[in-house]
Amino acid sequence: MGRTRRGAVAALAAAVALAMCTGCGTEGRAARDPGPGATGAARAAAVELTAGQSRLLERAEQVLIGRCMAQRGFRYAVTEPPPQARAKRSFPYGLDDVAWARAHGYGGRDDRASEAARRADPNQRYFHGLSARGRAAARTALMGASPAGLTATAPTGTTLTASPDGCIARAERSLYGDLAAWFRVKVVTMNIRPAQEAKVRADPRYAEAVGAWAACMRAAGRPYASPDDSRAAAAAFAEELPPDRADAAESALAVAEATCATGTGLSRVSQALDHSYGDEFRARHRGDIDLRRRLQNAALPEAERVVPPSDRPHEPAGGTETTDGPDQPDRTTPSTDTSGGPHA
């Protein structure tokens, strides 16, 4: 995929473990979009997946990638993302959870653990063991010869492209039927949050709140103009200090950032703006959100056929979706680490 498929290249080149497709066999199942006027059972299918159902689709996609890659002469192992990747949080407008900051800093320790897990990923090890020619052939097998044939415009305004060939496309077609429709709604819904966050950051009310936060940080001996600046300073600790000292310095700075975010208007203003713009974007893209859900729900029987009961992920306690999907107003998002995770 033009730019998004680079995430898929990372799935092969950096971890090939991105659960990106869903089947290498039953091609051509039509997407069952009941249309905007549908009611009753047809509309009831547009329900949000539970966390367990979402992970089942991810697992099925990986299984089918593996089958497809094997048919093309390559290995692909089904993997699970490391626990720290599932639990990782993102604070796009400034860290505002003091307890989390005290325990995790900016996530440096978690990032090191994720990186170690990524290096140990069997797909990564296999890929890097191939010759340069073999790696190029493996990429082509996974993603197709060139990112052309599928096109969609994200809410950010960026046009993304992908190949309708390769194991990714073959598998997604098997699960979701109408590959072009699935590609489009996936690109749209997975890019709602970036567009939403850009609107928040451009809002004068957010800029005013950042100014108050910066004044608080200066008073605390931390002269940073924005949360981005303090985060950049924390990243420098990892390059300049031994791990233990870097973690301590990072945590102290993160606690200062979170304390000022909650003590000034930054946390409150950013949450309110995020909720407001989130509502706006979700209303604007409601048709794509519903179609994605219908396609995913329609894909579940196929996923259940692909993944044996003994290999299915367990439903987390509560049974609700934990990812920050297009209908989720929560500002904190899970990691997009590619080891075993979904792709865009």
# chains A, B, ... in the order shown; residues from 1 in each chain; ligands from 1
call {"tool": "residues_around", "arguments": {"residues": "Leu273 in chain A", "least_positions_apart": "3", "cutoff": "8 Å", "atoms": "only C-alpha atoms", "output": "VMD selection string"}}
result
chain A and resid 200 206 269 to 270 276 to 277
call {"tool": "write_last_selection", "arguments": {"atoms": "C-alpha atoms", "output": "tab-separated table (two decimals), in the first residue's frame"}}
result
chain	number	residue	atom	x	y	z
A	200	VAL	CA	-7.41	19.14	18.36
A	206	TYR	CA	-5.61	23.63	22.87
A	269	VAL	CA	-9.43	21.01	27.47
A	270	SER	CA	-7.79	18.28	25.39
A	276	SER	CA	-16.10	16.96	20.36
A	277	TYR	CA	-13.98	16.37	17.26
call {"tool": "residues_around", "arguments": {"residues": "Asp311 in chain A", "least_positions_apart": "4", "cutoff": "10 Å", "atoms": "only C-alpha atoms", "output": "NGL selection string"}}
result
:A and (56 or 59-60 or 306-307)
call {"tool": "closest_residue", "arguments": {"among": "A:Ala181, A:Met143, A:Leu57, A:Ala233", "to": "Ala299 in chain A", "atoms": "only C-alpha atoms"}}
result
A:Leu57
call {"tool": "select_by_dssp", "arguments": {"residues": "range 70-317 of chain A", "states": "helix (DSSP H, G or I)", "output": "PyMOL selection string"}}
result
chain A and resi 70-71+83-87+98-104+108-120+122-129+132-143+166-176+179-190+192-202+204-219+227-240+243-263+266-284+286-306+309-311
call {"tool": "residues_around", "arguments": {"residues": "Leu291 in chain A", "least_positions_apart": "2", "cutoff": "8 Å", "atoms": "only C-alpha atoms", "output": "PDB file with C-alpha atoms, in the first residue's frame"}}
result
ATOM      1  CA  ASP A  33     -23.725  -4.031   2.315  1.00  0.00           C
ATOM      2  CA  ALA A  46     -23.150  -3.385  12.193  1.00  0.00           C
ATOM      3  CA  VAL A 185     -13.328   1.412   4.884  1.00  0.00           C
ATOM      4  CA  GLY A 287     -21.360   4.864   6.838  1.00  0.00           C
ATOM      5  CA  ASP A 288     -17.782   3.601   6.593  1.00  0.00           C
ATOM      6  CA  ILE A 289     -17.701   2.675  10.283  1.00  0.00           C
ATOM      7  CA  ARG A 293     -18.362  -3.579  11.227  1.00  0.00           C
ATOM      8  CA  ARG A 294     -20.692  -5.453   8.884  1.00  0.00           C
ATOM      9  CA  LEU A 295     -17.780  -6.811   6.896  1.00  0.00           C
TER      10      LEU A 295
END
call {"tool": "select_by_dssp", "arguments": {"residues": "range 64-236 of chain A", "states": "strand (DSSP E)", "output": "NGL selection string"}}
result
:A and (150-153 or 159-162)
call {"tool": "write_last_selection", "arguments": {"atoms": "all heavy atoms", "output": "PDB file, in the first residue's frame"}}
result
ATOM      1  N   LEU A 150      -5.522  -0.735  -5.683  1.00  0.00           N
ATOM      2  CA  LEU A 150      -6.481  -0.357  -4.650  1.00  0.00           C
ATOM      3  C   LEU A 150      -6.155   1.064  -4.205  1.00  0.00           C
ATOM      4  O   LEU A 150      -4.986   1.383  -3.948  1.00  0.00           O
ATOM      5  CB  LEU A 150      -6.391  -1.307  -3.454  1.00  0.00           C
ATOM      6  CG  LEU A 150      -6.733  -2.773  -3.719  1.00  0.00           C
ATOM      7  CD1 LEU A 150      -6.399  -3.612  -2.484  1.00  0.00           C
ATOM      8  CD2 LEU A 150      -8.197  -2.940  -4.110  1.00  0.00           C
ATOM      9  N   THR A 151      -7.159   1.897  -4.087  1.00  0.00           N
ATOM     10  CA  THR A 151      -6.947   3.303  -3.728  1.00  0.00           C
ATOM     11  C   THR A 151      -8.027   3.760  -2.761  1.00  0.00           C
ATOM     12  O   THR A 151      -9.199   3.397  -2.913  1.00  0.00           O
ATOM     13  CB  THR A 151      -6.983   4.206  -4.981  1.00  0.00           C
ATOM     14  OG1 THR A 151      -5.993   3.770  -5.908  1.00  0.00           O
ATOM     15  CG2 THR A 151      -6.711   5.659  -4.615  1.00  0.00           C
ATOM     16  N   ALA A 152      -7.619   4.545  -1.768  1.00  0.00           N
ATOM     17  CA  ALA A 152      -8.584   5.126  -0.831  1.00  0.00           C
ATOM     18  C   ALA A 152      -7.996   6.407  -0.269  1.00  0.00           C
ATOM     19  O   ALA A 152      -6.778   6.526  -0.123  1.00  0.00           O
ATOM     20  CB  ALA A 152      -8.901   4.155   0.300  1.00  0.00           C
ATOM     21  N   THR A 153      -8.857   7.344   0.044  1.00  0.00           N
ATOM     22  CA  THR A 153      -8.426   8.606   0.636  1.00  0.00           C
ATOM     23  C   THR A 153      -8.804   8.623   2.107  1.00  0.00           C
ATOM     24  O   THR A 153      -9.965   8.429   2.465  1.00  0.00           O
ATOM     25  CB  THR A 153      -9.056   9.806  -0.084  1.00  0.00           C
ATOM     26  OG1 THR A 153      -8.658   9.778  -1.462  1.00  0.00           O
ATOM     27  CG2 THR A 153      -8.596  11.117   0.541  1.00  0.00           C
ATOM     28  N   THR A 159      -3.962  10.115   0.125  1.00  0.00           N
ATOM     29  CA  THR A 159      -4.432   9.008  -0.696  1.00  0.00           C
ATOM     30  C   THR A 159      -3.472   7.839  -0.547  1.00  0.00           C
ATOM     31  O   THR A 159      -2.263   7.990  -0.710  1.00  0.00           O
ATOM     32  CB  THR A 159      -4.531   9.417  -2.174  1.00  0.00           C
ATOM     33  OG1 THR A 159      -5.512  10.455  -2.301  1.00  0.00           O
ATOM     34  CG2 THR A 159      -4.948   8.240  -3.044  1.00  0.00           C
ATOM     35  N   LEU A 160      -4.018   6.676  -0.221  1.00  0.00           N
ATOM     36  CA  LEU A 160      -3.225   5.479   0.018  1.00  0.00           C
ATOM     37  C   LEU A 160      -3.552   4.439  -1.042  1.00  0.00           C
ATOM     38  O   LEU A 160      -4.688   4.342  -1.507  1.00  0.00           O
ATOM     39  CB  LEU A 160      -3.524   4.925   1.409  1.00  0.00           C
ATOM     40  CG  LEU A 160      -3.335   5.919   2.556  1.00  0.00           C
ATOM     41  CD1 LEU A 160      -3.834   5.339   3.864  1.00  0.00           C
ATOM     42  CD2 LEU A 160      -1.876   6.308   2.691  1.00  0.00           C
ATOM     43  N   THR A 161      -2.533   3.687  -1.416  1.00  0.00           N
ATOM     44  CA  THR A 161      -2.718   2.679  -2.447  1.00  0.00           C
ATOM     45  C   THR A 161      -2.156   1.346  -1.988  1.00  0.00           C
ATOM     46  O   THR A 161      -1.307   1.286  -1.100  1.00  0.00           O
ATOM     47  CB  THR A 161      -2.020   3.091  -3.758  1.00  0.00           C
ATOM     48  OG1 THR A 161      -0.614   3.230  -3.521  1.00  0.00           O
ATOM     49  CG2 THR A 161      -2.586   4.394  -4.295  1.00  0.00           C
ATOM     50  N   ALA A 162      -2.626   0.260  -2.596  1.00  0.00           N
ATOM     51  CA  ALA A 162      -2.140  -1.073  -2.273  1.00  0.00           C
ATOM     52  C   ALA A 162      -2.340  -1.979  -3.476  1.00  0.00           C
ATOM     53  O   ALA A 162      -3.108  -1.661  -4.395  1.00  0.00           O
ATOM     54  CB  ALA A 162      -2.878  -1.638  -1.058  1.00  0.00           C
TER      55      ALA A 162
END
call {"tool": "residues_around", "arguments": {"residues": "range 227-229 of chain A", "least_positions_apart": "3", "cutoff": "6 Å", "atoms": "only C-alpha atoms", "output": "PyMOL selection string"}}
result
chain A and resi 94+224+232
call {"tool": "closest_residue", "arguments": {"among": "A:Arg139, A:Asp178, A:Ser226, A:Gly108", "to": "Pro243 in chain A", "atoms": "only C-alpha atoms"}}
result
A:Gly108
